[in-house]
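A.B. asks: Got a structure for you, query.cif, holding mmCIF, C-alpha atoms.
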data_structure
loop_
_atom_site.label_atom_id
_atom_site.label_comp_id
_atom_site.auth_asym_id
_atom_site.auth_seq_id
_atom_site.Cartn_x
_atom_site.Cartn_y
_atom_site.Cartn_z
CA MET A 1 -19.03 141.61 -95.32
CA ASN A 2 -22.08 143.61 -94.24
CA ILE A 3 -22.78 146.76 -96.15
CA ILE A 4 -25.09 149.23 -94.50
CA PRO A 5 -27.11 151.24 -96.94
CA HIS A 6 -26.50 154.98 -96.64
CA THR A 7 -30.15 155.84 -96.20
CA ALA A 8 -30.63 153.22 -93.50
CA GLY A 9 -27.55 154.50 -91.56
CA LYS A 10 -28.82 158.03 -91.67
CA THR A 11 -32.16 156.97 -90.23
CA ARG A 12 -30.59 155.01 -87.39
CA HIS A 13 -28.18 157.87 -86.58
CA ALA A 14 -31.10 160.30 -86.37
CA THR A 15 -32.94 157.90 -84.03
CA CYS A 16 -29.89 157.66 -81.78
CA ARG A 17 -29.53 161.43 -81.55
CA GLY A 18 -33.18 161.79 -80.57
CA PHE A 19 -32.84 159.17 -77.93
CA THR A 20 -29.84 160.95 -76.34
CA ILE A 21 -31.87 164.14 -75.88
CA VAL A 22 -34.72 162.23 -74.27
CA GLU A 23 -32.25 160.26 -72.22
CA THR A 24 -30.57 163.47 -71.03
CA LEU A 25 -33.89 165.01 -70.08
CA VAL A 26 -34.84 161.89 -68.12
CA ALA A 27 -31.43 161.86 -66.45
CA VAL A 28 -31.71 165.53 -65.47
CA ALA A 29 -35.18 164.87 -64.04
CA ILE A 30 -33.95 161.84 -62.08
CA LEU A 31 -30.96 163.78 -60.80
CA MET A 32 -33.10 166.73 -59.72
CA ILE A 33 -35.55 164.55 -57.84
CA SER A 34 -32.96 162.24 -56.41
CA ILE A 35 -30.68 165.04 -55.23
CA ALA A 36 -33.40 167.35 -53.89
CA GLY A 37 -35.00 164.54 -51.86
CA PRO A 38 -31.84 163.41 -50.08
CA LEU A 39 -30.79 167.03 -49.50
CA VAL A 40 -34.07 167.67 -47.69
CA ILE A 41 -33.58 164.45 -45.71
CA ALA A 42 -30.01 165.46 -44.87
CA SER A 43 -31.03 168.95 -43.76
CA LYS A 44 -33.79 167.52 -41.56
CA GLY A 45 -31.27 165.06 -40.16
CA LEU A 46 -28.83 167.83 -39.32
CA ARG A 47 -31.60 169.86 -37.68
CA ALA A 48 -32.56 166.80 -35.61
CA ALA A 49 -28.91 166.40 -34.60
CA LEU A 50 -28.77 170.03 -33.45
CA TYR A 51 -32.01 169.61 -31.52
CA SER A 52 -30.63 166.45 -29.90
CA ARG A 53 -27.49 168.28 -28.83
CA ASP A 54 -29.48 171.17 -27.34
CA GLN A 55 -31.88 168.80 -25.59
CA MET A 56 -28.97 166.93 -24.05
CA ILE A 57 -27.42 170.21 -22.83
CA ALA A 58 -30.82 171.30 -21.45
CA SER A 59 -31.20 167.99 -19.56
CA LEU A 60 -27.81 168.44 -17.92
CA LEU A 61 -28.50 172.11 -17.12
CA ALA A 62 -31.78 171.11 -15.44
CA GLN A 63 -30.02 168.38 -13.47
CA GLU A 64 -27.31 170.82 -12.39
CA SER A 65 -29.89 173.27 -11.08
CA MET A 66 -31.84 170.57 -9.22
CA GLU A 67 -28.71 169.18 -7.57
CA ILE A 68 -27.64 172.65 -6.40
CA VAL A 69 -31.07 173.20 -4.81
CA LYS A 70 -30.86 169.84 -3.01
CA ASN A 71 -27.29 170.60 -1.95
CA ILE A 72 -28.35 173.96 -0.43
CA ARG A 73 -31.22 172.23 1.39
CA SER A 74 -28.86 169.59 2.84
CA ASN A 75 -26.33 172.24 3.89
CA ASN A 76 -29.11 174.20 5.62
CA ILE A 77 -30.20 171.11 7.58
CA THR A 78 -26.69 170.11 8.64
CA SER A 79 -25.85 173.68 9.70
CA GLY A 80 -29.03 173.91 11.75
CA SER A 81 -30.54 176.72 9.68
CA ASN A 82 -34.06 176.93 8.36
CA TRP A 83 -34.10 174.05 5.88
CA VAL A 84 -35.30 176.19 2.97
CA GLN A 85 -33.26 179.25 3.85
CA SER A 86 -32.47 181.37 0.75
CA LEU A 87 -34.60 178.98 -1.34
CA ASP A 88 -38.07 179.92 -0.11
CA THR A 89 -37.96 183.31 -1.82
CA CYS A 90 -37.73 181.59 -5.21
CA LEU A 91 -41.37 181.22 -6.13
CA LEU A 92 -43.41 181.04 -9.32
CA ASN A 93 -43.60 184.82 -9.73
CA SER A 94 -40.03 185.47 -8.60
CA PRO A 95 -37.94 182.56 -9.91
CA CYS A 96 -34.20 182.21 -9.35
CA ASP A 97 -31.37 180.41 -11.07
CA ALA A 98 -28.83 178.07 -9.55
CA ASN A 99 -25.29 179.18 -10.25
CA ALA A 100 -22.76 176.36 -10.21
CA VAL A 101 -19.82 178.42 -11.44
CA SER A 102 -19.73 181.31 -8.99
CA SER A 103 -19.61 181.55 -5.21
CA THR A 104 -23.20 182.85 -5.23
CA PRO A 105 -25.14 179.61 -5.70
CA ILE A 106 -28.52 181.34 -5.90
CA TRP A 107 -29.02 183.94 -8.57
CA ILE A 108 -31.99 186.09 -7.67
CA GLY A 109 -33.83 188.25 -10.11
CA CYS A 110 -34.83 186.06 -13.02
CA SER A 111 -37.85 187.14 -15.02
CA THR A 112 -40.72 184.67 -15.24
CA THR A 113 -39.27 183.46 -18.55
CA GLY A 114 -36.00 182.52 -16.83
CA CYS A 115 -32.50 183.92 -16.59
CA PRO A 116 -30.44 184.03 -19.79
CA LEU A 117 -27.38 181.81 -19.43
CA TYR A 118 -23.88 182.92 -20.40
CA PHE A 119 -20.95 180.67 -21.07
CA SER A 120 -17.69 181.35 -19.29
CA ALA A 121 -15.97 178.22 -17.99
CA GLY A 122 -19.44 176.78 -17.54
CA TYR A 123 -23.02 178.00 -17.88
CA THR A 124 -23.83 180.86 -15.55
CA PRO A 125 -26.53 183.52 -15.18
CA GLU A 126 -23.81 186.11 -14.51
CA PHE A 127 -23.18 188.56 -17.32
CA VAL A 128 -19.79 187.16 -18.27
CA GLY A 129 -18.71 185.44 -21.44
CA GLU A 130 -20.94 184.78 -24.38
CA GLU A 131 -24.71 184.67 -24.18
CA THR A 132 -26.08 181.22 -25.03
CA LEU A 133 -29.47 180.29 -26.42
CA PHE A 134 -30.57 178.77 -23.09
CA ARG A 135 -32.63 180.33 -20.32
CA ARG A 136 -33.05 178.63 -16.95
CA MET A 137 -34.96 179.18 -13.74
CA PHE A 138 -36.14 177.26 -10.72
CA PHE A 139 -38.94 177.93 -8.32
CA LEU A 140 -40.39 176.20 -5.28
CA THR A 141 -44.06 175.47 -4.76
CA PRO A 142 -45.18 174.89 -1.17
CA MET A 143 -47.33 171.80 -0.71
CA PRO A 144 -50.68 172.71 0.84
CA GLY A 145 -50.68 171.92 4.57
CA GLN A 146 -47.17 170.41 4.49
CA PRO A 147 -44.59 172.82 5.95
CA ASN A 148 -41.83 170.25 5.48
CA GLU A 149 -42.41 169.66 1.80
CA TYR A 150 -41.98 171.67 -1.39
CA THR A 151 -42.01 170.85 -5.08
CA VAL A 152 -38.95 172.09 -6.96
CA ASN A 153 -39.53 173.05 -10.58
CA VAL A 154 -36.61 173.59 -12.92
CA VAL A 155 -37.39 175.00 -16.36
CA VAL A 156 -34.81 175.22 -19.14
CA SER A 157 -35.97 176.87 -22.34
CA TRP A 158 -34.33 177.55 -25.68
CA THR A 159 -35.33 178.46 -29.22
CA GLU A 160 -34.38 176.47 -32.31
CA GLY A 161 -34.83 178.93 -35.16
CA THR A 162 -38.34 180.10 -34.42
CA VAL A 163 -39.47 177.00 -32.53
CA PRO A 164 -39.53 177.44 -28.72
CA ASN A 165 -38.54 174.40 -26.64
CA GLU A 166 -38.84 173.80 -22.94
CA LEU A 167 -37.65 171.16 -20.50
CA HIS A 168 -39.52 171.07 -17.20
CA VAL A 169 -38.19 168.85 -14.40
CA THR A 170 -39.92 168.55 -11.03
CA SER A 171 -38.92 166.84 -7.82
CA GLN A 172 -40.10 166.76 -4.22
CA LEU A 173 -37.93 168.53 -1.66
CA THR A 174 -38.45 167.52 1.96
CA ASN A 175 -37.09 168.43 5.36
CA SER A 176 -35.30 165.17 5.98
CA THR A 177 -32.38 164.54 8.30
CA ARG A 178 -31.58 161.26 6.54
CA MET B 1 -15.25 142.74 -88.52
CA SER B 2 -17.04 144.83 -85.93
CA ASN B 3 -20.28 146.53 -86.72
CA PRO B 4 -20.13 150.36 -86.16
CA LEU B 5 -23.83 150.25 -85.33
CA ASN B 6 -23.12 147.97 -82.38
CA LYS B 7 -20.58 150.49 -81.01
CA LEU B 8 -23.24 153.16 -81.23
CA HIS B 9 -25.60 150.88 -79.29
CA LEU B 10 -22.95 150.27 -76.62
CA LYS B 11 -22.64 154.01 -75.90
CA ARG B 12 -26.33 154.30 -75.10
CA GLY B 13 -27.43 154.63 -71.47
CA TYR B 14 -24.23 156.11 -70.04
CA THR B 15 -25.96 159.36 -69.03
CA LEU B 16 -28.70 157.43 -67.27
CA LEU B 17 -26.16 155.17 -65.65
CA PHE B 18 -24.20 158.13 -64.28
CA ALA B 19 -27.43 159.81 -63.14
CA VAL B 20 -28.49 156.72 -61.25
CA LEU B 21 -25.00 156.28 -59.76
CA ILE B 22 -24.78 159.88 -58.54
CA ALA B 23 -28.35 159.72 -57.24
CA SER B 24 -27.57 156.53 -55.33
CA LEU B 25 -24.45 158.10 -53.87
CA VAL B 26 -26.27 161.24 -52.69
CA LEU B 27 -29.14 159.16 -51.35
CA GLY B 28 -26.71 156.94 -49.49
CA VAL B 29 -25.02 159.93 -47.84
CA ALA B 30 -28.41 161.41 -46.89
CA VAL B 31 -29.67 158.15 -45.40
CA PHE B 32 -26.41 157.84 -43.46
CA ILE B 33 -26.79 161.36 -42.01
CA LEU B 34 -30.45 160.69 -41.20
CA SER B 35 -29.71 157.40 -39.46
CA ILE B 36 -27.01 159.04 -37.29
CA SER B 37 -29.34 161.94 -36.47
CA ARG B 38 -32.14 159.54 -35.63
CA LYS B 39 -29.92 157.68 -33.21
CA GLN B 40 -28.79 160.96 -31.65
CA TYR B 41 -32.41 162.04 -31.29
CA ILE B 42 -33.39 158.75 -29.63
CA LEU B 43 -30.39 159.01 -27.32
CA SER B 44 -31.20 162.58 -26.27
CA ALA B 45 -34.90 161.77 -25.82
CA THR B 46 -33.95 158.76 -23.68
CA ALA B 47 -31.66 160.99 -21.59
CA ARG B 48 -34.57 163.40 -21.05
CA GLU B 49 -37.02 160.64 -20.14
CA SER B 50 -34.42 159.05 -17.89
CA LEU B 51 -34.08 162.39 -16.08
CA TYR B 52 -37.83 162.43 -15.42
CA ALA B 53 -37.71 158.86 -14.09
CA MET B 54 -34.67 159.60 -11.96
CA TYR B 55 -36.34 162.54 -10.24
CA ALA B 56 -39.47 160.44 -9.74
CA SER B 57 -37.39 157.88 -7.83
CA ASP B 58 -35.58 160.70 -6.04
CA SER B 59 -38.93 162.20 -5.03
CA GLY B 60 -39.92 158.80 -3.66
CA ILE B 61 -36.78 158.70 -1.53
CA GLU B 62 -37.40 162.29 -0.37
CA CYS B 63 -40.92 161.29 0.68
CA GLY B 64 -39.73 158.10 2.37
CA ALA B 65 -36.99 159.94 4.23
CA LEU B 66 -39.31 162.72 5.41
CA ASP B 67 -38.98 162.79 9.20
CA ALA B 68 -42.74 163.12 9.69
CA ASN B 69 -43.31 159.90 7.74
CA ARG B 70 -40.44 157.97 9.32
CA SER B 71 -41.67 158.77 12.82
CA GLU B 72 -44.95 157.02 11.92
CA TRP B 73 -43.36 153.60 11.59
CA GLY B 74 -40.59 154.17 14.14
CA ASP B 75 -37.30 152.37 14.28
CA ALA B 76 -38.72 148.91 14.81
CA ILE B 77 -41.34 148.08 12.21
CA GLU B 78 -43.65 145.19 13.06
CA ALA B 79 -45.68 142.91 10.83
CA GLY B 80 -49.32 143.96 10.68
CA GLN B 81 -48.45 147.57 11.53
CA THR B 82 -50.46 150.10 9.51
CA VAL B 83 -49.09 153.62 9.34
CA PRO B 84 -50.25 156.82 7.62
CA PHE B 85 -47.99 158.11 4.88
CA SER B 86 -48.40 161.62 3.44
CA CYS B 87 -46.41 163.05 0.58
CA ALA B 88 -46.78 164.80 -2.77
CA GLY B 89 -50.31 165.90 -1.96
CA THR B 90 -51.74 162.47 -1.14
CA SER B 91 -52.24 160.55 2.09
CA GLN B 92 -52.52 156.80 2.36
CA LEU B 93 -52.18 153.95 4.81
CA VAL B 94 -49.22 151.60 4.43
CA THR B 95 -49.53 148.11 5.85
CA PHE B 96 -46.37 146.23 6.72
CA SER B 97 -46.35 142.46 6.35
CA THR B 98 -43.79 139.71 6.78
CA HIS B 99 -41.13 139.87 4.14
CA SER B 100 -39.60 136.59 3.12
CA SER B 101 -37.91 137.30 -0.18
CA TYR B 102 -35.20 139.63 -1.38
CA PRO B 103 -36.02 143.24 -2.19
CA TYR B 104 -36.75 144.25 -5.78
CA PHE B 105 -33.20 145.25 -6.44
CA ASP B 106 -29.87 144.97 -4.74
CA VAL B 107 -27.64 147.94 -5.44
CA ASN B 108 -24.64 146.27 -3.87
CA ASN B 109 -25.01 143.15 -6.00
CA ASP B 110 -22.95 141.19 -3.50
CA SER B 111 -25.05 138.16 -2.70
CA HIS B 112 -27.66 140.27 -0.92
CA SER B 113 -25.39 140.79 2.08
CA LEU B 114 -27.58 143.65 3.27
CA TYR B 115 -30.69 141.54 3.37
CA VAL B 116 -29.56 138.21 4.73
CA ASP B 117 -28.61 137.05 8.19
CA SER B 118 -25.35 135.31 9.08
CA ASN B 119 -26.73 132.05 7.68
CA GLY B 120 -27.31 133.60 4.27
CA VAL B 121 -31.10 133.54 4.40
CA PRO B 122 -33.35 136.59 4.23
CA HIS B 123 -34.08 138.00 7.65
CA PRO B 124 -37.06 136.02 8.89
CA GLU B 125 -38.31 138.90 10.99
CA ALA B 126 -38.10 141.42 8.14
CA VAL B 127 -41.28 143.30 7.33
CA GLU B 128 -42.12 145.17 4.16
CA GLY B 129 -44.66 147.84 3.16
CA ASP B 130 -45.32 148.45 -0.55
CA PHE B 131 -47.25 151.40 -1.95
CA ARG B 132 -47.43 153.79 -4.86
CA LEU B 133 -46.76 157.50 -5.14
CA VAL B 134 -47.83 159.83 -7.90
CA PHE B 135 -46.30 163.22 -8.61
CA ARG B 136 -48.30 166.01 -10.16
CA GLU B 137 -47.50 169.39 -11.58
CA TYR B 138 -47.68 171.76 -8.65
CA SER B 139 -46.37 174.84 -10.40
CA THR B 140 -49.63 176.68 -9.71
CA GLY B 141 -50.08 175.24 -6.25
CA SER B 142 -53.16 173.35 -7.35
CA PRO B 143 -53.49 169.76 -6.12
CA THR B 144 -55.25 168.81 -9.35
CA GLY B 145 -52.21 169.35 -11.53
CA LYS B 146 -51.57 166.91 -14.31
CA ILE B 147 -49.80 163.63 -13.57
CA THR B 148 -46.14 163.84 -14.39
CA THR B 149 -44.36 160.83 -12.90
CA CYS B 150 -44.89 158.07 -10.34
CA ALA B 151 -42.92 155.71 -8.10
CA LEU B 152 -43.31 152.25 -6.64
CA MET B 153 -42.13 152.30 -3.05
CA SER B 154 -40.93 149.53 -0.74
CA ILE B 155 -39.99 150.05 2.88
CA ILE B 156 -38.24 147.11 4.51
CA GLY B 157 -37.27 146.90 8.15
CA TYR B 158 -35.55 144.27 10.28
CA THR B 159 -33.35 143.86 13.31
CA ILE B 160 -29.71 143.02 12.91
CA ASP B 161 -28.13 140.68 15.44
CA PRO B 162 -31.29 140.29 17.54
CA GLY B 163 -30.40 139.78 21.20
CA GLY B 164 -26.70 140.18 20.40
CA PRO B 165 -24.24 142.94 21.27
CA ASP B 166 -24.71 144.70 17.91
CA GLU B 167 -28.49 144.67 17.93
CA ARG B 168 -29.88 147.52 15.85
CA ASN B 169 -32.76 148.21 13.50
CA ARG B 170 -32.17 148.69 9.83
CA THR B 171 -34.58 150.36 7.41
CA ILE B 172 -34.26 150.09 3.65
CA ILE B 173 -36.32 152.47 1.49
CA GLN B 174 -36.45 151.55 -2.15
CA SER B 175 -38.02 153.76 -4.78
CA ARG B 176 -38.51 152.85 -8.42
CA GLY B 177 -39.38 155.91 -10.49
CA TYR B 178 -41.18 155.97 -13.85
CA ASN B 179 -41.62 158.69 -16.42
CA VAL B 180 -44.82 157.37 -18.03
CA CYS B 181 -47.64 156.46 -15.68
CA LYS B 182 -51.24 155.43 -16.03
CA ALA B 183 -54.22 155.12 -13.72
CA ARG B 184 -55.19 151.79 -12.21
CA GLY B 185 -58.58 151.25 -10.63
CA ALA B 186 -61.34 153.82 -10.47
CA GLY B 187 -62.80 156.38 -8.12
CA ALA B 188 -61.24 156.80 -4.71
CA ALA B 189 -59.27 153.57 -5.19
CA THR B 190 -57.41 154.97 -8.20
CA THR B 191 -53.67 154.55 -8.00
CA TYR B 192 -51.02 155.27 -10.58
CA GLY B 193 -48.32 152.93 -11.75
CA PRO B 194 -45.88 152.59 -14.62
CA ASP B 195 -47.29 152.26 -18.10
CA THR B 196 -45.44 149.10 -19.07
CA SER B 197 -47.03 149.04 -22.51
CA SER B 198 -45.36 152.28 -23.55
CA PRO B 199 -41.97 151.96 -25.29
CA ARG B 200 -41.03 155.35 -23.79
CA THR B 201 -41.23 154.11 -20.20
CA VAL B 202 -37.94 154.33 -18.30
CA GLU B 203 -37.32 152.98 -14.80
CA ARG B 204 -34.74 154.51 -12.45
CA ALA B 205 -34.33 153.24 -8.91
CA ARG B 206 -32.77 154.56 -5.73
CA GLN B 207 -32.25 153.10 -2.31
CA LEU B 208 -31.77 154.65 1.12
CA ILE B 209 -30.51 152.58 4.05
CA TYR B 210 -30.25 153.80 7.59
CA GLU B 211 -29.70 152.16 10.97
#
Just give me the structure as structure tokens.

C.D. replies:
Amino acid sequence: MNIIPHTAGKTRHATCRGFTIVETLVAVAILMISIAGPLVIASKGLRAALYSRDQMIASLLAQESMEIVKNIRSNNITSGSNWVQSLDTCLLNSPCDANAVSSTPIWIGCSTTGCPLYFSAGYTPEFVGEETLFRRMFFLTPMPGQPNEYTVNVVVSWTEGTVPNELHVTSQLTNSTR
Amino acid sequence: MSNPLNKLHLKRGYTLLFAVLIASLVLGVAVFILSISRKQYILSATARESLYAMYASDSGIECGALDANRSEWGDAIEAGQTVPFSCAGTSQLVTFSTHSSYPYFDVNNDSHSLYVDSNGVPHPEAVEGDFRLVFREYSTGSPTGKITTCALMSIIGYTIDPGGPDERNRTIIQSRGYNVCKARGAGAATTYGPDTSSPRTVERARQLIYE
């Protein structure tokens, strides 16, 4: 049978107690570092997810505007009107917005920073529903010496916190009967 | 008989063990969130870049369909014919040559029925003109705007049922649009084409056929 001397047991017990305090301090330090780091990573990840969502919405909003402009051009040509009728007033200093929701497809009167978009059964520049964080505008740029050709610029902008973002899509628009 | 000192030894390290376990768990959750967000970000960035490429190819089709340009090559395109082509602020000469292979892409994917004659071979009289288009920022109306996108264009023309009752000319305009472009050549001979070395480069293609 092993007999542990009293004095020796006391010494070992004291050593163990000391170790637990050190161990706890190390554990707290590890926990603090290892929780703070992942939390920062997670918050950055969530911010990136929000940015991705907004960028995807902005891409679709830009595409919607561009398609409406091309649709108006095609309707003008097939109806025998001036091919850029109601579009040629939308220029860099007086941009417009394309309105897919209402019966007025061209929304005139955007500021040079774009029209704020509202959400009511779709995104619209009309003052109905809730205001969203997106602004949108389009403007045409005449090509020098080419009366049958314009460049269409669609700009969708939004702010993530304090960071401004912008999506700028351009496409040629021509007077084509094909 | 068990040694009480050994029991004391066995209890050591539990706090550290729990700390490491919880830390691993939190880290795992964070890495999971980050990997999902990263994929979402790549997906949304690809959607954006794809939009740029799509409107580059659409611009190419707009330019190819422009009446002023189409009237230059007429309904019946002939091999050796050189025609001026103006669009997006640049003018160039397009030379048509005999076309003996299939076009770059076949949107119908049905054994190239649009491009072959009744014997299943590419139209021997087909001619093709290839050229490049570059699109710049024209928001300020300046022709020296920065390069945004570019397109590789192919115009193919041939006669269907030559000498037969259904004889007609067919024109196929193909446009392959790219979001990332770089200069090729120097000086006046500079043209712009896709930057195939960039991992961001996206290709979108469109085709217009008329008879």

A.B. asks: Within 7 Å of chain B, which residues of chain A show up when using all atoms listed in the file, listed as a VMD selection string?

C.D. replies: chain A and resid 23 to 24 27 30 to 31 34 to 35 38 to 39 41 to 42 45 to 46 48 to 49 52 55 to 56 59 92 141 143 151 169 171 to 178

A.B. asks: Go through A:Arg73, A:Arg47, A:Arg136, A:Arg53 one by one, measure the shortest atom-to-atom distance of each to Gly161 (chain A) using only C-alpha atoms, and give the residue with the smallest value.

C.D. replies: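 Nearest candidate to Gly161 (chain A) out of A:Arg73, A:Arg47, A:Arg136, A:Arg53: A:Arg47.
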
A.B. asks: Which residues match the PyMOL selection byres ((chain B and resi 196) around 12) in the file above, as a PyMOL selection string?

C.D. replies: chain B and resi 178-183+192-195+197-203

A.B. asks: List the residues selected by the PyMOL selection byres ((chain A and resi 65) around 10) in the file shown, writing them as a list of chain:residue names.

C.D. replies: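 Here the PyMOL selection byres ((chain A and resi 65) around 10) matches A:Leu60, A:Leu61, A:Ala62, A:Gln63, A:Glu64, A:Met66, A:Glu67, A:Ile68, A:Val69, A:Lys70, A:Asn71, A:Asp97, A:Ala98, A:Asn99, A:Ala100, A:Pro105, A:Ile106, A:Arg136, A:Met137, A:Phe138, A:Asn153, A:Val154, A:Val155, A:Val156, A:Val169.
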
A.B. asks: If we draw a sphere of 8 Å around (-42.7, 141.8, 8.4), which residues have at least one atom in it when counting only C-alpha atoms? Please report them as a PyMOL selection string.

C.D. replies: chain B and resi 77-80+96-99+125-128+156-158

A.B. asks: For C-alpha atoms, I'd like the residues from the last selection saved as an mmCIF file, keeping the file's coordinate frame.

C.D. replies:
data_model
loop_
_atom_site.group_PDB
_atom_site.id
_atom_site.type_symbol
_atom_site.label_atom_id
_atom_site.label_comp_id
_atom_site.auth_asym_id
_atom_site.auth_seq_id
_atom_site.Cartn_x
_atom_site.Cartn_y
_atom_site.Cartn_z
ATOM 1 C CA ILE B 77 -41.340 148.080 12.210
ATOM 2 C CA GLU B 78 -43.650 145.190 13.060
ATOM 3 C CA ALA B 79 -45.680 142.910 10.830
ATOM 4 C CA GLY B 80 -49.320 143.960 10.680
ATOM 5 C CA PHE B 96 -46.370 146.230 6.720
ATOM 6 C CA SER B 97 -46.350 142.460 6.350
ATOM 7 C CA THR B 98 -43.790 139.710 6.780
ATOM 8 C CA HIS B 99 -41.130 139.870 4.140
ATOM 9 C CA GLU B 125 -38.310 138.900 10.990
ATOM 10 C CA ALA B 126 -38.100 141.420 8.140
ATOM 11 C CA VAL B 127 -41.280 143.300 7.330
ATOM 12 C CA GLU B 128 -42.120 145.170 4.160
ATOM 13 C CA ILE B 156 -38.240 147.110 4.510
ATOM 14 C CA GLY B 157 -37.270 146.900 8.150
ATOM 15 C CA TYR B 158 -35.550 144.270 10.280
#

A.B. asks: Could you list the residues chosen by the PyMOL selection byres ((chain A and resi 125) around 7) in this structure as a PyMOL selection string?

C.D. replies: chain A and resi 99+115-118+124+126-127

A.B. asks: Expressed in Å to a single decimal, how great is the separation between CA of Phe119 (chain A) and CA of Asn93 (chain A)?

C.D. replies: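 Atom-to-atom, CA of Phe119 (chain A) to CA of Asn93 (chain A), that is 25.7 Å.
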
A.B. asks: Between CA of Tyr150 (chain A) and CA of Leu152 (chain B), what is the distance, to one decimal in Å?

C.D. replies: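 A separation of 20.2 Å between them.
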
A.B. asks: By how many Å are CA of Phe139 (chain A) and CA of Phe131 (chain B) apart?

C.D. replies: 28.5 Å

A.B. asks: With distances taken over all atoms listed in the file, which of A:Ala121, A:Cys90, A:Val84, A:Ala58 is nearest to Asn165 (chain A)?

C.D. replies: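 Of the candidates, the smallest distance to Asn165 (chain A) is held by A:Ala58.
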
A.B. asks: The centre and edge lengths of an axis-aligned box containing all atoms of region 97-111 of chain A present in the file, extended by 8 Å on each side, are to be given in Å to one decimal, as AutoDock Vina command-line options.

C.D. replies:
--center_x -28.7 --center_y 182.3 --center_z -10.1 --size_x 34.2 --size_y 27.9 --size_z 25.8

A.B. asks: Contacts of Glu167 (chain B) at 12 Å or less, counting all atoms listed in the file, minus same-chain residues fewer than 5 places along, as a PDB file with C-alpha atoms, in the frame of the given file?

C.D. replies:
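Wrote it out as selection01.pdb, contents follow:
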ATOM      1  CA  ALA B  76     -38.720 148.910  14.810  1.00  0.00           C
ATOM      2  CA  TYR B 158     -35.550 144.270  10.280  1.00  0.00           C
ATOM      3  CA  THR B 159     -33.350 143.860  13.310  1.00  0.00           C
ATOM      4  CA  ILE B 160     -29.710 143.020  12.910  1.00  0.00           C
ATOM      5  CA  ASP B 161     -28.130 140.680  15.440  1.00  0.00           C
ATOM      6  CA  PRO B 162     -31.290 140.290  17.540  1.00  0.00           C
ATOM      7  CA  GLU B 211     -29.700 152.160  10.970  1.00  0.00           C
TER       8      GLU B 211
END

A.B. asks: Any chance you could build region 53-63 of chain A out to N, CA, C and O atoms and write it as a tab-separated table (two decimals), in the frame of the given file?

C.D. replies:
chain	number	residue	atom	x	y	z
A	53	ARG	N	-28.59	167.71	-29.62
A	53	ARG	CA	-27.49	168.28	-28.83
A	53	ARG	C	-28.03	169.26	-27.80
A	53	ARG	O	-27.68	169.22	-26.62
A	54	ASP	N	-28.93	170.15	-28.25
A	54	ASP	CA	-29.48	171.17	-27.34
A	54	ASP	C	-30.32	170.53	-26.24
A	54	ASP	O	-30.32	170.99	-25.10
A	55	GLN	N	-31.05	169.48	-26.60
A	55	GLN	CA	-31.88	168.80	-25.59
A	55	GLN	C	-31.01	168.13	-24.53
A	55	GLN	O	-31.32	168.14	-23.34
A	56	MET	N	-29.89	167.57	-24.98
A	56	MET	CA	-28.97	166.93	-24.05
A	56	MET	C	-28.37	167.98	-23.11
A	56	MET	O	-28.29	167.77	-21.88
A	57	ILE	N	-27.97	169.13	-23.66
A	57	ILE	CA	-27.42	170.21	-22.83
A	57	ILE	C	-28.49	170.68	-21.84
A	57	ILE	O	-28.21	170.87	-20.65
A	58	ALA	N	-29.73	170.82	-22.33
A	58	ALA	CA	-30.82	171.30	-21.45
A	58	ALA	C	-31.07	170.32	-20.31
A	58	ALA	O	-31.29	170.73	-19.16
A	59	SER	N	-31.00	169.01	-20.60
A	59	SER	CA	-31.20	167.99	-19.56
A	59	SER	C	-30.14	168.14	-18.47
A	59	SER	O	-30.44	168.11	-17.28
A	60	LEU	N	-28.89	168.33	-18.90
A	60	LEU	CA	-27.81	168.44	-17.92
A	60	LEU	C	-27.90	169.75	-17.14
A	60	LEU	O	-27.61	169.79	-15.95
A	61	LEU	N	-28.33	170.83	-17.82
A	61	LEU	CA	-28.50	172.11	-17.12
A	61	LEU	C	-29.59	172.00	-16.06
A	61	LEU	O	-29.46	172.52	-14.95
A	62	ALA	N	-30.68	171.28	-16.40
A	62	ALA	CA	-31.78	171.11	-15.44
A	62	ALA	C	-31.30	170.28	-14.25
A	62	ALA	O	-31.59	170.60	-13.09
A	63	GLN	N	-30.53	169.24	-14.54
A	63	GLN	CA	-30.02	168.38	-13.47
A	63	GLN	C	-29.08	169.17	-12.56
A	63	GLN	O	-29.13	169.04	-11.34
